[in-house]
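Shown next: final-v3.txt, given as compact mmCIF, C-alpha atoms and all ligand atoms.
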```txt
# COMPACT_ATOMS: atom_id res chain seq x y z
CA MET A 4 22.50 -29.33 12.16
CA LEU A 5 23.87 -29.65 15.69
CA SER A 6 23.74 -25.91 16.36
CA GLY A 7 20.19 -25.83 14.98
CA ASN A 8 19.12 -28.45 17.51
CA LEU A 9 20.85 -26.61 20.33
CA LEU A 10 19.08 -23.39 19.39
CA ALA A 11 15.75 -25.19 19.41
CA VAL A 12 16.46 -26.52 22.89
CA PHE A 13 17.41 -23.06 24.15
CA GLY A 14 14.25 -21.65 22.55
CA LEU A 15 12.14 -24.15 24.45
CA CYS A 16 13.89 -23.41 27.76
CA ALA A 17 13.32 -19.68 27.32
CA THR A 18 9.61 -20.27 26.69
CA ALA A 19 9.38 -22.58 29.68
CA LEU A 20 11.01 -20.03 32.01
CA ALA A 21 8.66 -17.26 30.93
CA ILE A 22 5.63 -19.32 31.90
CA PRO A 23 4.39 -19.44 35.54
CA SER A 24 5.72 -22.55 37.27
CA GLN A 25 2.30 -24.01 38.13
CA ILE A 26 1.70 -24.80 34.44
CA PRO A 27 3.22 -28.21 33.71
CA PHE A 28 5.85 -28.23 30.97
CA SER A 29 3.87 -30.75 28.90
CA SER A 30 1.01 -28.27 28.40
CA ILE A 31 3.18 -26.02 26.22
CA GLU A 32 1.92 -26.80 22.78
CA LEU A 33 3.73 -25.51 19.74
CA ILE A 34 1.25 -24.59 17.06
CA LYS A 35 2.19 -26.02 13.69
CA GLU A 36 0.98 -23.93 10.77
CA ILE A 37 1.84 -22.66 7.30
CA ASP A 38 4.21 -19.70 7.32
CA THR A 39 4.90 -19.26 3.61
CA TRP A 40 3.71 -20.95 0.43
CA ALA A 41 3.69 -20.76 -3.36
CA LEU A 42 1.13 -22.01 -5.87
CA ASN A 43 1.98 -23.16 -9.40
CA PRO A 44 0.42 -21.20 -12.31
CA ASN A 45 -2.17 -23.94 -12.96
CA GLY A 46 -3.30 -23.88 -9.33
CA ASP A 47 -2.91 -27.67 -8.97
CA ALA A 48 0.27 -27.91 -6.89
CA ALA A 49 1.83 -25.96 -4.06
CA VAL A 50 4.97 -25.84 -2.02
CA ILE A 51 4.30 -25.05 1.64
CA ARG A 52 6.60 -24.25 4.52
CA VAL A 53 5.23 -25.36 7.87
CA LYS A 54 6.47 -23.77 11.06
CA SER A 55 6.44 -25.42 14.44
CA GLY A 56 8.32 -23.46 17.11
CA SER A 57 11.76 -22.83 15.65
CA GLN A 58 11.53 -25.79 13.25
CA HIS A 59 10.53 -25.42 9.60
CA GLU A 60 9.54 -28.16 7.18
CA LEU A 61 8.91 -28.03 3.47
CA HIS A 62 5.80 -29.85 2.22
CA LEU A 63 4.66 -30.65 -1.31
CA LEU A 64 0.97 -30.64 -2.11
CA ALA A 65 -1.08 -31.75 -5.11
CA ILE A 66 -4.39 -29.86 -5.26
CA ASN A 67 -7.73 -31.18 -6.39
CA ALA A 68 -10.81 -29.56 -4.92
CA GLN A 69 -12.77 -32.82 -5.37
CA PHE A 70 -10.68 -34.89 -2.97
CA THR A 71 -7.86 -34.07 -0.60
CA VAL A 72 -4.39 -35.43 -1.36
CA PRO A 73 -2.32 -35.25 1.86
CA SER A 74 0.79 -33.11 1.65
CA VAL A 75 4.18 -34.83 1.70
CA SER A 76 6.89 -33.65 4.04
CA TYR A 77 9.93 -33.13 1.83
CA ASP A 78 12.72 -31.95 4.15
CA ALA A 79 13.74 -29.47 6.84
CA ALA A 80 13.53 -25.91 5.46
CA ASN A 81 15.43 -22.69 6.04
CA ALA A 82 13.33 -20.09 7.88
CA GLN A 83 14.53 -17.26 5.60
CA ALA A 84 13.99 -19.04 2.26
CA ARG A 85 11.25 -18.01 -0.17
CA TYR A 86 9.65 -20.04 -2.95
CA THR A 87 7.99 -19.53 -6.31
CA PHE A 88 7.18 -21.58 -9.41
CA LEU A 89 8.91 -20.98 -12.77
CA ASN A 90 6.32 -23.17 -14.49
CA ASP A 91 3.81 -25.77 -13.31
CA GLN A 92 6.51 -28.32 -12.40
CA THR A 93 9.53 -26.18 -11.49
CA ILE A 94 9.97 -24.87 -7.95
CA LEU A 95 12.50 -22.06 -7.47
CA THR A 96 13.96 -21.47 -4.00
CA VAL A 97 16.07 -18.52 -2.85
CA SER A 98 17.77 -19.23 0.49
CA PRO A 99 20.91 -18.22 2.41
CA THR A 100 23.84 -20.16 0.99
CA SER A 101 24.86 -23.28 2.84
CA GLU A 102 28.48 -22.35 2.12
CA GLY A 103 28.47 -19.81 4.95
CA GLN A 104 29.23 -16.49 3.19
CA GLU A 105 27.28 -13.66 4.80
CA GLY A 106 24.74 -12.01 2.48
CA VAL A 107 25.02 -14.63 -0.28
CA TRP A 108 21.81 -16.38 -1.27
CA ASP A 109 21.48 -19.41 -3.56
CA LEU A 110 18.95 -19.86 -6.33
CA THR A 111 17.97 -23.50 -6.80
CA THR A 112 15.35 -25.29 -8.88
CA GLN A 113 13.58 -28.59 -8.26
CA ILE A 114 11.30 -30.55 -10.55
CA LEU A 115 8.01 -31.41 -8.92
CA ASN A 116 6.39 -34.73 -9.79
CA SER A 117 2.74 -34.53 -8.84
CA THR A 118 -0.67 -35.45 -10.15
CA THR A 119 -4.24 -35.15 -8.95
CA ILE A 120 -5.65 -37.56 -11.50
CA PRO A 121 -6.73 -40.78 -9.76
CA PRO A 122 -5.02 -42.93 -8.68
CA ALA A 123 -2.95 -39.98 -7.43
CA TYR A 124 0.49 -40.77 -5.99
CA PRO A 125 2.17 -38.64 -3.32
CA PRO A 126 4.04 -35.67 -4.82
CA SER A 127 7.84 -35.75 -4.88
CA ALA A 128 10.60 -33.37 -5.93
CA SER A 129 14.03 -33.79 -7.50
CA LYS A 130 17.22 -32.83 -5.64
CA PRO A 131 17.88 -29.05 -5.65
CA ASN A 132 19.88 -27.88 -8.68
CA LYS A 133 21.86 -24.70 -8.02
CA LEU A 134 21.55 -22.00 -10.71
CA GLY A 135 23.83 -19.50 -9.00
CA GLY A 136 24.08 -17.02 -6.17
CA VAL A 137 23.05 -13.44 -5.51
CA ILE A 138 24.21 -10.97 -2.87
CA LEU A 139 21.33 -9.40 -0.95
CA ARG A 140 21.85 -6.40 1.35
CA SER A 141 18.92 -7.30 3.57
CA ASP A 142 16.46 -10.07 4.27
CA LEU A 143 14.26 -11.15 1.46
CA LYS A 144 10.52 -10.49 1.81
CA GLU A 145 9.08 -12.29 -1.17
CA LEU A 146 9.64 -13.58 -4.71
CA VAL A 147 7.59 -12.62 -7.75
CA HIS A 148 8.09 -14.51 -11.01
CA SER A 149 7.09 -12.88 -14.32
CA ALA A 150 6.88 -15.75 -16.81
CA GLN A 151 6.55 -13.87 -20.12
CA ALA A 152 9.48 -11.58 -19.28
CA SER A 153 11.55 -14.45 -17.72
CA VAL A 154 12.31 -12.25 -14.71
CA LEU A 155 12.46 -13.21 -11.07
CA THR A 156 11.93 -10.26 -8.73
CA VAL A 157 13.47 -10.56 -5.28
CA VAL A 158 11.64 -8.14 -2.99
CA LEU A 159 13.70 -6.55 -0.19
CA PRO A 160 12.27 -4.02 2.30
CA GLU A 161 13.48 -1.00 0.24
CA ASP A 162 14.81 -2.44 -3.02
CA LEU A 163 13.99 -4.87 -5.79
CA VAL A 164 16.54 -7.19 -7.35
CA LEU A 165 15.63 -8.29 -10.88
CA ILE A 166 17.18 -11.55 -12.10
CA GLN A 167 16.69 -12.96 -15.61
CA VAL A 168 15.97 -16.67 -15.30
CA ALA A 169 15.49 -18.44 -18.62
CA GLN A 170 14.95 -22.02 -19.74
CA HIS A 171 17.46 -23.63 -22.10
CA GLU A 172 17.75 -27.16 -23.46
CA GLU A 173 19.93 -28.08 -20.46
CA GLY A 174 17.50 -26.56 -17.97
CA TRP A 175 17.06 -23.25 -16.18
CA ALA A 176 19.89 -20.70 -15.98
CA ILE A 177 20.55 -17.14 -14.80
CA LYS A 178 21.20 -14.69 -17.64
CA GLY A 179 23.32 -11.58 -17.16
CA GLU A 180 23.80 -9.58 -13.99
CA PRO A 181 21.05 -8.92 -11.44
CA GLN A 182 19.63 -5.36 -11.65
CA LEU A 183 19.01 -3.40 -8.48
CA VAL A 184 15.98 -1.09 -8.36
CA LYS A 185 16.56 1.24 -5.41
CA HIS A 186 13.94 3.08 -3.40
CA LYS A 187 15.99 4.67 -0.65
CA ASN A 188 14.02 5.21 2.58
CA LEU A 189 10.78 4.10 0.97
CA LYS A 190 9.11 0.92 2.16
CA ILE A 191 8.17 -1.35 -0.76
CA GLU A 192 4.95 -3.30 -0.49
CA GLY A 193 2.47 -5.30 -2.51
CA VAL A 194 4.67 -6.25 -5.48
CA THR A 195 2.54 -7.87 -8.20
CA SER A 196 3.15 -8.92 -11.78
CA ASN A 197 1.05 -9.67 -14.85
CA GLY A 198 3.87 -11.58 -16.54
CA THR A 199 5.44 -8.62 -18.36
CA HIS A 200 5.15 -5.74 -15.86
CA LEU A 201 5.51 -5.18 -12.12
CA ALA A 202 3.36 -2.87 -10.02
CA TYR A 203 4.07 -2.01 -6.40
CA SER A 204 3.60 0.67 -3.79
CA ALA A 205 6.42 2.55 -2.05
CA SER A 206 5.85 4.87 0.88
CA ASN A 207 7.24 6.76 3.84
CA HIS A 208 5.42 8.78 6.54
CA THR A 209 4.62 11.70 4.27
CA ALA A 210 4.23 10.32 0.75
CA SER A 211 2.85 7.33 -1.06
CA PHE A 212 3.66 6.17 -4.61
CA ILE A 213 2.57 3.48 -7.06
CA TYR A 214 5.18 2.40 -9.60
CA LEU A 215 4.91 0.41 -12.82
CA PHE A 216 7.95 -1.38 -14.23
CA ASP A 217 8.21 -2.78 -17.76
CA LEU A 218 10.33 -5.93 -17.39
CA HIS A 219 11.17 -6.17 -21.09
CA ASP A 220 14.09 -3.88 -20.23
CA THR A 221 15.29 -4.58 -16.70
CA SER A 222 17.91 -1.80 -16.95
CA SER A 223 15.14 0.81 -17.39
CA SER A 224 13.60 2.74 -14.48
CA PRO A 225 10.27 2.32 -12.77
CA VAL A 226 7.54 4.67 -14.04
CA LEU A 227 5.60 6.62 -11.43
CA LEU A 228 1.94 5.77 -11.91
CA ARG A 229 0.35 7.62 -8.97
CA HIS A 230 1.60 9.82 -6.18
CA SER A 231 -0.09 11.24 -3.12
CA THR A 232 0.91 13.14 0.00
CA LYS A 233 -2.64 12.97 1.38
CA SER A 234 -3.79 9.42 0.77
CA GLN A 235 -2.17 6.08 1.41
CA LEU A 236 -1.86 4.22 -1.90
CA ILE A 237 -1.64 0.43 -1.57
CA ALA A 238 -2.36 -2.89 -3.27
CA PRO A 239 -1.85 -2.13 -6.99
CA THR A 240 -3.31 -5.11 -8.87
CA PHE A 241 -3.39 -6.01 -12.58
CA GLY A 242 -6.64 -6.92 -14.27
CA ASN A 243 -7.08 -7.70 -17.97
CA ASP A 244 -7.10 -5.20 -20.86
CA GLU A 245 -4.63 -2.76 -19.27
CA HIS A 246 -6.73 -2.48 -16.09
CA ILE A 247 -4.90 -1.64 -12.88
CA ALA A 248 -6.76 -1.30 -9.58
CA TRP A 249 -5.47 0.05 -6.29
CA LEU A 250 -6.66 1.30 -2.93
CA SER A 251 -6.38 4.95 -2.02
CA ASP A 252 -7.15 5.34 1.67
CA ARG A 253 -8.78 1.92 1.25
CA GLN A 254 -11.19 3.16 -1.42
CA LEU A 255 -11.16 1.19 -4.70
CA TRP A 256 -9.74 2.95 -7.76
CA LEU A 257 -9.52 1.66 -11.32
CA SER A 258 -7.46 2.71 -14.31
CA THR A 259 -7.65 1.50 -17.89
CA GLY A 260 -4.30 3.04 -18.79
CA ASN A 261 -5.75 6.29 -20.12
CA ASP A 262 -7.97 7.36 -17.27
CA GLU A 263 -8.63 6.62 -13.60
CA TRP A 264 -11.64 6.87 -11.34
CA GLU A 265 -12.88 5.93 -7.89
CA VAL A 266 -15.33 3.04 -8.08
CA PRO A 267 -18.58 4.07 -6.35
CA LEU A 268 -19.18 1.43 -3.66
CA ASP A 269 -21.95 0.88 -1.19
CA PHE A 270 -19.51 -0.61 1.35
CA ASP A 271 -18.62 0.51 4.87
CA LEU A 272 -15.55 -1.75 5.27
CA PHE A 273 -11.93 -0.95 4.48
CA PRO A 274 -10.35 -3.48 2.12
CA GLU A 275 -6.65 -4.31 2.33
CA LYS A 276 -6.14 -6.36 -0.82
CA ILE A 277 -7.61 -6.65 -4.31
CA ILE A 278 -7.82 -9.92 -6.25
CA PHE A 279 -8.93 -10.00 -9.88
CA SER A 280 -10.50 -13.14 -11.32
CA LYS A 281 -8.30 -14.77 -13.98
CA ASP A 282 -10.52 -13.45 -16.78
CA GLY A 283 -10.58 -9.96 -15.22
CA LYS A 284 -14.38 -9.91 -15.07
CA ALA A 285 -14.66 -10.00 -11.27
CA ILE A 286 -12.92 -8.24 -8.42
CA TYR A 287 -12.59 -9.60 -4.88
CA LEU A 288 -11.88 -7.27 -1.99
CA LEU A 289 -10.25 -8.77 1.09
CA ALA A 290 -11.57 -6.78 4.03
CA PRO A 291 -11.50 -7.13 7.83
CA HIS A 292 -14.81 -7.08 9.75
CA ASP A 293 -16.03 -8.41 13.11
CA ASP A 294 -12.69 -9.98 14.20
CA GLN A 295 -12.34 -11.81 10.90
CA GLN A 296 -11.41 -11.11 7.30
CA SER A 297 -13.47 -12.15 4.27
CA LEU A 298 -13.64 -11.90 0.49
CA PHE A 299 -16.26 -9.65 -1.11
CA HIS A 300 -17.21 -10.09 -4.77
CA LEU A 301 -18.15 -7.46 -7.35
CA TRP A 302 -18.20 -7.47 -11.13
CA THR A 303 -15.47 -5.29 -12.62
CA PRO A 304 -17.35 -2.04 -13.31
CA SER A 305 -17.03 0.13 -16.38
CA LYS A 306 -16.36 3.81 -15.94
CA SER A 307 -19.91 4.68 -16.93
CA ALA A 308 -21.33 2.77 -13.92
CA THR A 309 -22.32 5.50 -11.49
CA LYS A 310 -24.75 3.61 -9.24
CA PRO A 311 -22.94 2.49 -6.04
CA ILE A 312 -22.07 -1.23 -6.12
CA ALA A 313 -22.55 -3.36 -2.98
CA PRO A 314 -19.82 -6.06 -2.86
CA VAL A 315 -21.23 -9.45 -1.80
CA ARG A 316 -19.53 -11.39 1.00
CA ILE A 317 -18.36 -14.94 0.20
CA PRO A 318 -19.21 -16.97 3.33
CA SER A 319 -16.23 -18.30 5.28
CA ASN A 320 -15.23 -18.58 8.93
CA GLY A 321 -12.13 -16.98 10.41
CA THR A 322 -9.55 -14.83 8.67
CA ILE A 323 -8.53 -15.15 5.05
CA HIS A 324 -4.91 -13.94 4.86
CA SER A 325 -4.29 -14.30 1.14
CA ALA A 326 -6.07 -15.67 -1.91
CA ILE A 327 -5.40 -16.32 -5.59
CA HIS A 328 -8.17 -16.75 -8.17
CA VAL A 329 -7.30 -20.01 -9.93
CA GLY A 330 -10.20 -20.26 -12.37
CA THR A 331 -13.77 -21.18 -13.02
CA THR A 332 -15.16 -24.73 -13.05
CA PRO A 333 -17.28 -26.14 -15.93
CA LEU A 334 -20.32 -25.38 -13.72
CA ASP A 335 -19.12 -21.76 -13.61
CA HIS A 336 -18.08 -21.75 -9.98
CA ALA A 337 -15.19 -19.45 -9.14
CA HIS A 338 -12.31 -21.07 -7.25
CA LEU A 339 -9.87 -19.18 -5.06
CA ILE A 340 -7.01 -20.82 -3.17
CA GLY A 341 -5.58 -19.13 -0.14
CA ILE A 342 -4.51 -19.17 3.48
CA LYS A 343 -7.19 -19.05 6.16
CA SER A 344 -7.09 -19.43 9.93
CA ASP A 345 -9.89 -19.76 12.45
CA SER A 346 -8.77 -19.37 16.07
CA ALA A 347 -12.30 -20.05 17.36
CA LYS A 348 -11.87 -23.60 16.03
CA GLY A 349 -8.19 -23.89 16.97
CA GLU A 350 -7.21 -23.84 13.29
CA GLY A 351 -3.95 -22.13 12.43
CA LYS A 352 -2.97 -20.96 8.96
CA GLU A 353 -4.08 -23.67 6.54
CA LEU A 354 -4.60 -23.84 2.78
CA TRP A 355 -8.23 -23.73 1.62
CA VAL A 356 -10.25 -23.56 -1.57
CA ILE A 357 -12.95 -20.91 -1.32
CA SER A 358 -15.47 -21.52 -4.06
CA HIS A 359 -18.76 -19.88 -5.03
CA SER A 360 -21.15 -19.22 -7.85
CA PRO A 361 -20.69 -15.60 -8.89
CA HIS A 362 -24.15 -15.54 -10.50
CA GLU A 363 -26.27 -16.35 -7.48
CA ASP A 364 -26.36 -15.22 -3.88
CA PRO A 365 -23.18 -16.88 -2.56
CA THR A 366 -24.89 -17.48 0.81
CA TYR A 367 -26.70 -20.37 -0.88
CA ASN A 368 -23.99 -21.40 -3.27
CA TYR A 369 -20.52 -21.64 -1.83
CA GLU A 370 -18.01 -24.19 -0.59
CA ASN A 371 -14.99 -24.04 1.72
CA ILE A 372 -12.66 -26.98 1.13
CA ARG A 373 -9.76 -27.51 3.48
CA LEU A 374 -6.58 -28.70 1.74
CA THR A 375 -4.07 -29.03 4.59
CA TYR A 376 -4.29 -30.36 8.15
CA PHE A 377 -1.46 -29.08 10.31
CA THR A 378 -3.61 -27.75 13.19
C1 LIG A 401 6.53 -39.61 -10.50
O1 LIG A 401 6.27 -40.37 -9.32
C2 LIG A 401 5.60 -41.59 -9.59
C3 LIG A 401 5.22 -42.22 -8.25
O2 LIG A 401 6.31 -42.27 -7.38
C4 LIG A 401 6.51 -42.51 -10.42
O3 LIG A 401 5.85 -43.70 -10.71
C5 LIG A 401 6.85 -41.78 -11.73
O4 LIG A 401 7.77 -42.55 -12.47
C6 LIG A 401 7.46 -40.42 -11.44
N1 LIG A 401 7.58 -39.67 -12.68
C7 LIG A 401 8.72 -39.07 -13.01
C8 LIG A 401 8.70 -38.32 -14.32
O5 LIG A 401 9.71 -39.09 -12.31
C1 LIG A 402 9.21 10.74 1.64
O1 LIG A 402 9.70 10.48 0.32
C2 LIG A 402 9.71 11.60 -0.54
C3 LIG A 402 10.17 11.11 -1.91
O2 LIG A 402 11.36 10.35 -1.83
C4 LIG A 402 10.63 12.68 0.04
O3 LIG A 402 10.59 13.81 -0.79
C5 LIG A 402 10.16 13.03 1.46
O4 LIG A 402 11.07 13.95 2.02
C6 LIG A 402 10.11 11.78 2.31
N1 LIG A 402 9.57 12.08 3.64
C7 LIG A 402 10.17 11.65 4.75
C8 LIG A 402 9.51 12.00 6.05
O5 LIG A 402 11.23 11.03 4.72
C1 LIG A 403 0.64 -5.92 -18.09
O1 LIG A 403 0.24 -4.61 -17.74
C2 LIG A 403 0.73 -3.59 -18.60
C3 LIG A 403 0.29 -2.25 -18.01
O2 LIG A 403 -1.10 -2.23 -17.84
C4 LIG A 403 0.21 -3.82 -20.00
O3 LIG A 403 0.70 -2.83 -20.89
C5 LIG A 403 0.66 -5.21 -20.49
O4 LIG A 403 0.11 -5.47 -21.74
C6 LIG A 403 0.18 -6.26 -19.49
N1 LIG A 403 0.73 -7.56 -19.88
C7 LIG A 403 -0.03 -8.64 -20.04
C8 LIG A 403 0.68 -9.91 -20.37
O5 LIG A 403 -1.23 -8.60 -19.91
C1 LIG A 404 -18.78 -21.62 10.14
O1 LIG A 404 -18.77 -22.38 11.35
C2 LIG A 404 -20.06 -22.83 11.73
C3 LIG A 404 -19.93 -23.47 13.09
O2 LIG A 404 -18.94 -24.45 13.11
C4 LIG A 404 -20.58 -23.80 10.68
O3 LIG A 404 -21.87 -24.26 11.02
C5 LIG A 404 -20.65 -23.07 9.34
O4 LIG A 404 -21.01 -23.97 8.33
C6 LIG A 404 -19.29 -22.49 8.99
N1 LIG A 404 -19.42 -21.66 7.81
C7 LIG A 404 -18.59 -21.74 6.79
C8 LIG A 404 -18.87 -20.80 5.68
O5 LIG A 404 -17.65 -22.51 6.75
```
Represent the supplied structure as structure tokens.
Amino acid sequence: MLSGNLLAVFGLCATALAIPSQIPFSSIELIKEIDTWALNPNGDAAVIRVKSGSQHELHLLAINAQFTVPSVSYDAANAQARYTFLNDQTILTVSPTSEGQEGVWDLTTQILNSTTIPPAYPPSASKPNKLGGVILRSDLKELVHSAQASVLTVVLPEDLVLIQVAQHEEGWAIKGEPQLVKHKNLKIEGVTSNGTHLAYSASNHTASFIYLFDLHDTSSSPVLLRHSTKSQLIAPTFGNDEHIAWLSDRQLWLSTGNDEWEVPLDFDLFPEKIIFSKDGKAIYLLAPHDDQQSLFHLWTPSKSATKPIAPVRIPSNGTIHSAIHVGTTPLDHAHLIGIKSDSAKGEGKELWVISHSPHEDPTYNYENIRLTYFT
């Protein structure tokens, strides 16, 4: 604790020295914004880490698009920790062990108590319960939980560590030994899961690969799905009915398991991410344009569709960094929850609901609902 405070003080001094002396010290404002987050499967609760200078805080949030429930600051958070949900109420955290051994990370669970049904009370969480430890050779990038296979995937820059995490009568526990999936000298990116399988891209300067991994047998090997030495393959994403989409040199490709094809698009932007709607019927492309980044909607095409499709922009201001499709309302509006920032308005990374009617021109039928207020 003490050394943490000292570091923070040194950090501030360094910043102050780097700034010309005519600017008064008090004008140095530390922007406070979300730096990592996880949403529960239902899309009605989130755990958010907020960063302010060198300080990190963990916040709990109950989500209801109809009215905002303020987030609750839970505790100070470790800057290297990552979070995911094992089910709607169970938060799993992987963070460097507090016991001081280099390279050892702890897995802990906490039960979230939250509701969005009025009168909503502020969310709270139980004390962390340690499931065990894991040795990681490098910093952890992200966590991906595959519920049906009961596997937690710890994503490292070049490897994956697969850990079986199962629920017993006494609670959650680690089963067996962690399995290491190695990709020496290949950078792993965009790890996604559909509950039973993982898909991810791995690349170096000369080659690009997309792998599929069946988690029913974590001791098996990843299956090479696509390979290219000419195109950059990124963002593999699961749809329904065996669909997998990806970007090849930022062009949209689809596979149904047996065949693959490039989707003909009337689109002059270069998407970076693909998001399927929960029912698999719609695809959202996250693409940069005009100093911002927006979502573009299209209906999942069949292979026989040959007429170019023009994806429709969902109105929003600023840059959408990430988004998850959480479902469709009774009025058939699609809801996505994600991180958005808008520097023109002084807004840092905040959590938003981006909602629209997929049946009409979204320009006349959309909503942007801000869920957090840190900036
Ligand atoms: C959840 O929190 C509310 C409000 O603090 C409390 O009344 C309730 O007993 C808690 N529920 C559980 C299961 O702990
Ligand atoms: C890229 O990876 C492939 C497959 O592992 C390998 O054959 C190739 O030599 C690598 N290229 C570079 C520049 O490391
Ligand atoms: C996940 O994707 C794989 C590969 O497309 C598919 O075989 C499997 O059935 C999918 N699992 C679920 C739960 O949809
Ligand atoms: C974007 O910002 C402008 C100016 O503040 C506002 O009028 C408009 O409603 C915003 N659009 C969206 C989609 O939030």
Would you kindly return, as a PDB file with C-alpha atoms, in the coordinates of the input, each protein, DNA or RNA residue with an atom no farther than 8 Å from any atom of segment 201-206 of chain A, considering all atoms listed in the file and excluding same-chain residues fewer than 4 positions away?
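The file below, result_6.pdb, is the result:
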```
ATOM      1  CA  HIS A 186      13.940   3.080  -3.400  1.00  0.00           C
ATOM      2  CA  LEU A 189      10.780   4.100   0.970  1.00  0.00           C
ATOM      3  CA  LYS A 190       9.110   0.920   2.160  1.00  0.00           C
ATOM      4  CA  ILE A 191       8.170  -1.350  -0.760  1.00  0.00           C
ATOM      5  CA  GLU A 192       4.950  -3.300  -0.490  1.00  0.00           C
ATOM      6  CA  GLY A 193       2.470  -5.300  -2.510  1.00  0.00           C
ATOM      7  CA  VAL A 194       4.670  -6.250  -5.480  1.00  0.00           C
ATOM      8  CA  THR A 195       2.540  -7.870  -8.200  1.00  0.00           C
ATOM      9  CA  SER A 196       3.150  -8.920 -11.780  1.00  0.00           C
ATOM     10  CA  ASN A 197       1.050  -9.670 -14.850  1.00  0.00           C
ATOM     11  CA  ALA A 210       4.230  10.320   0.750  1.00  0.00           C
ATOM     12  CA  SER A 211       2.850   7.330  -1.060  1.00  0.00           C
ATOM     13  CA  PHE A 212       3.660   6.170  -4.610  1.00  0.00           C
ATOM     14  CA  ILE A 213       2.570   3.480  -7.060  1.00  0.00           C
ATOM     15  CA  TYR A 214       5.180   2.400  -9.600  1.00  0.00           C
ATOM     16  CA  LEU A 215       4.910   0.410 -12.820  1.00  0.00           C
ATOM     17  CA  PHE A 216       7.950  -1.380 -14.230  1.00  0.00           C
ATOM     18  CA  ASP A 217       8.210  -2.780 -17.760  1.00  0.00           C
ATOM     19  CA  LEU A 218      10.330  -5.930 -17.390  1.00  0.00           C
ATOM     20  CA  LEU A 236      -1.860   4.220  -1.900  1.00  0.00           C
ATOM     21  CA  ILE A 237      -1.640   0.430  -1.570  1.00  0.00           C
ATOM     22  CA  ALA A 238      -2.360  -2.890  -3.270  1.00  0.00           C
ATOM     23  CA  PRO A 239      -1.850  -2.130  -6.990  1.00  0.00           C
ATOM     24  CA  THR A 240      -3.310  -5.110  -8.870  1.00  0.00           C
ATOM     25  CA  PHE A 241      -3.390  -6.010 -12.580  1.00  0.00           C
TER      26      PHE A 241
END
```
Test item: residues lying within 12 Å of ligand LIG 404 (chain A) with only C-alpha atoms and all ligand atoms, as a VMD selection string: chain A and resid 295 297 to 298 316 to 323 343 to 350 355 to 359 365 to 373
Would you save the residues of that selection, restricted to C-alpha atoms, as a compact mmCIF listing (two decimals), in the frame of the given file?
```txt
# COMPACT_ATOMS: atom_id res chain seq x y z
CA GLN A 295 -12.34 -11.81 10.90
CA SER A 297 -13.47 -12.15 4.27
CA LEU A 298 -13.64 -11.90 0.49
CA ARG A 316 -19.53 -11.39 1.00
CA ILE A 317 -18.36 -14.94 0.20
CA PRO A 318 -19.21 -16.97 3.33
CA SER A 319 -16.23 -18.30 5.28
CA ASN A 320 -15.23 -18.58 8.93
CA GLY A 321 -12.13 -16.98 10.41
CA THR A 322 -9.55 -14.83 8.67
CA ILE A 323 -8.53 -15.15 5.05
CA LYS A 343 -7.19 -19.05 6.16
CA SER A 344 -7.09 -19.43 9.93
CA ASP A 345 -9.89 -19.76 12.45
CA SER A 346 -8.77 -19.37 16.07
CA ALA A 347 -12.30 -20.05 17.36
CA LYS A 348 -11.87 -23.60 16.03
CA GLY A 349 -8.19 -23.89 16.97
CA GLU A 350 -7.21 -23.84 13.29
CA TRP A 355 -8.23 -23.73 1.62
CA VAL A 356 -10.25 -23.56 -1.57
CA ILE A 357 -12.95 -20.91 -1.32
CA SER A 358 -15.47 -21.52 -4.06
CA HIS A 359 -18.76 -19.88 -5.03
CA PRO A 365 -23.18 -16.88 -2.56
CA THR A 366 -24.89 -17.48 0.81
CA TYR A 367 -26.70 -20.37 -0.88
CA ASN A 368 -23.99 -21.40 -3.27
CA TYR A 369 -20.52 -21.64 -1.83
CA GLU A 370 -18.01 -24.19 -0.59
CA ASN A 371 -14.99 -24.04 1.72
CA ILE A 372 -12.66 -26.98 1.13
CA ARG A 373 -9.76 -27.51 3.48
```
Contacts with ligand LIG 401 (chain A) at most 9 Å, all atoms listed in the file counted, listed as a VMD selection string: chain A and resid 114 to 118 123 to 129
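Between atom CA of Gln151 of chain A and atom CA of Gln167 of chain A lies a distance of 11.1 Å.
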Expected answer as a list in words: residues within 6 Å of ligand LIG 403 (chain A), all atoms listed in the file: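 Using all atoms listed in the file, everything at most 6 Å from ligand LIG 403 (chain A) comes to Asn197, Gly198, Thr199, His200, Glu245 and His246 of chain A.
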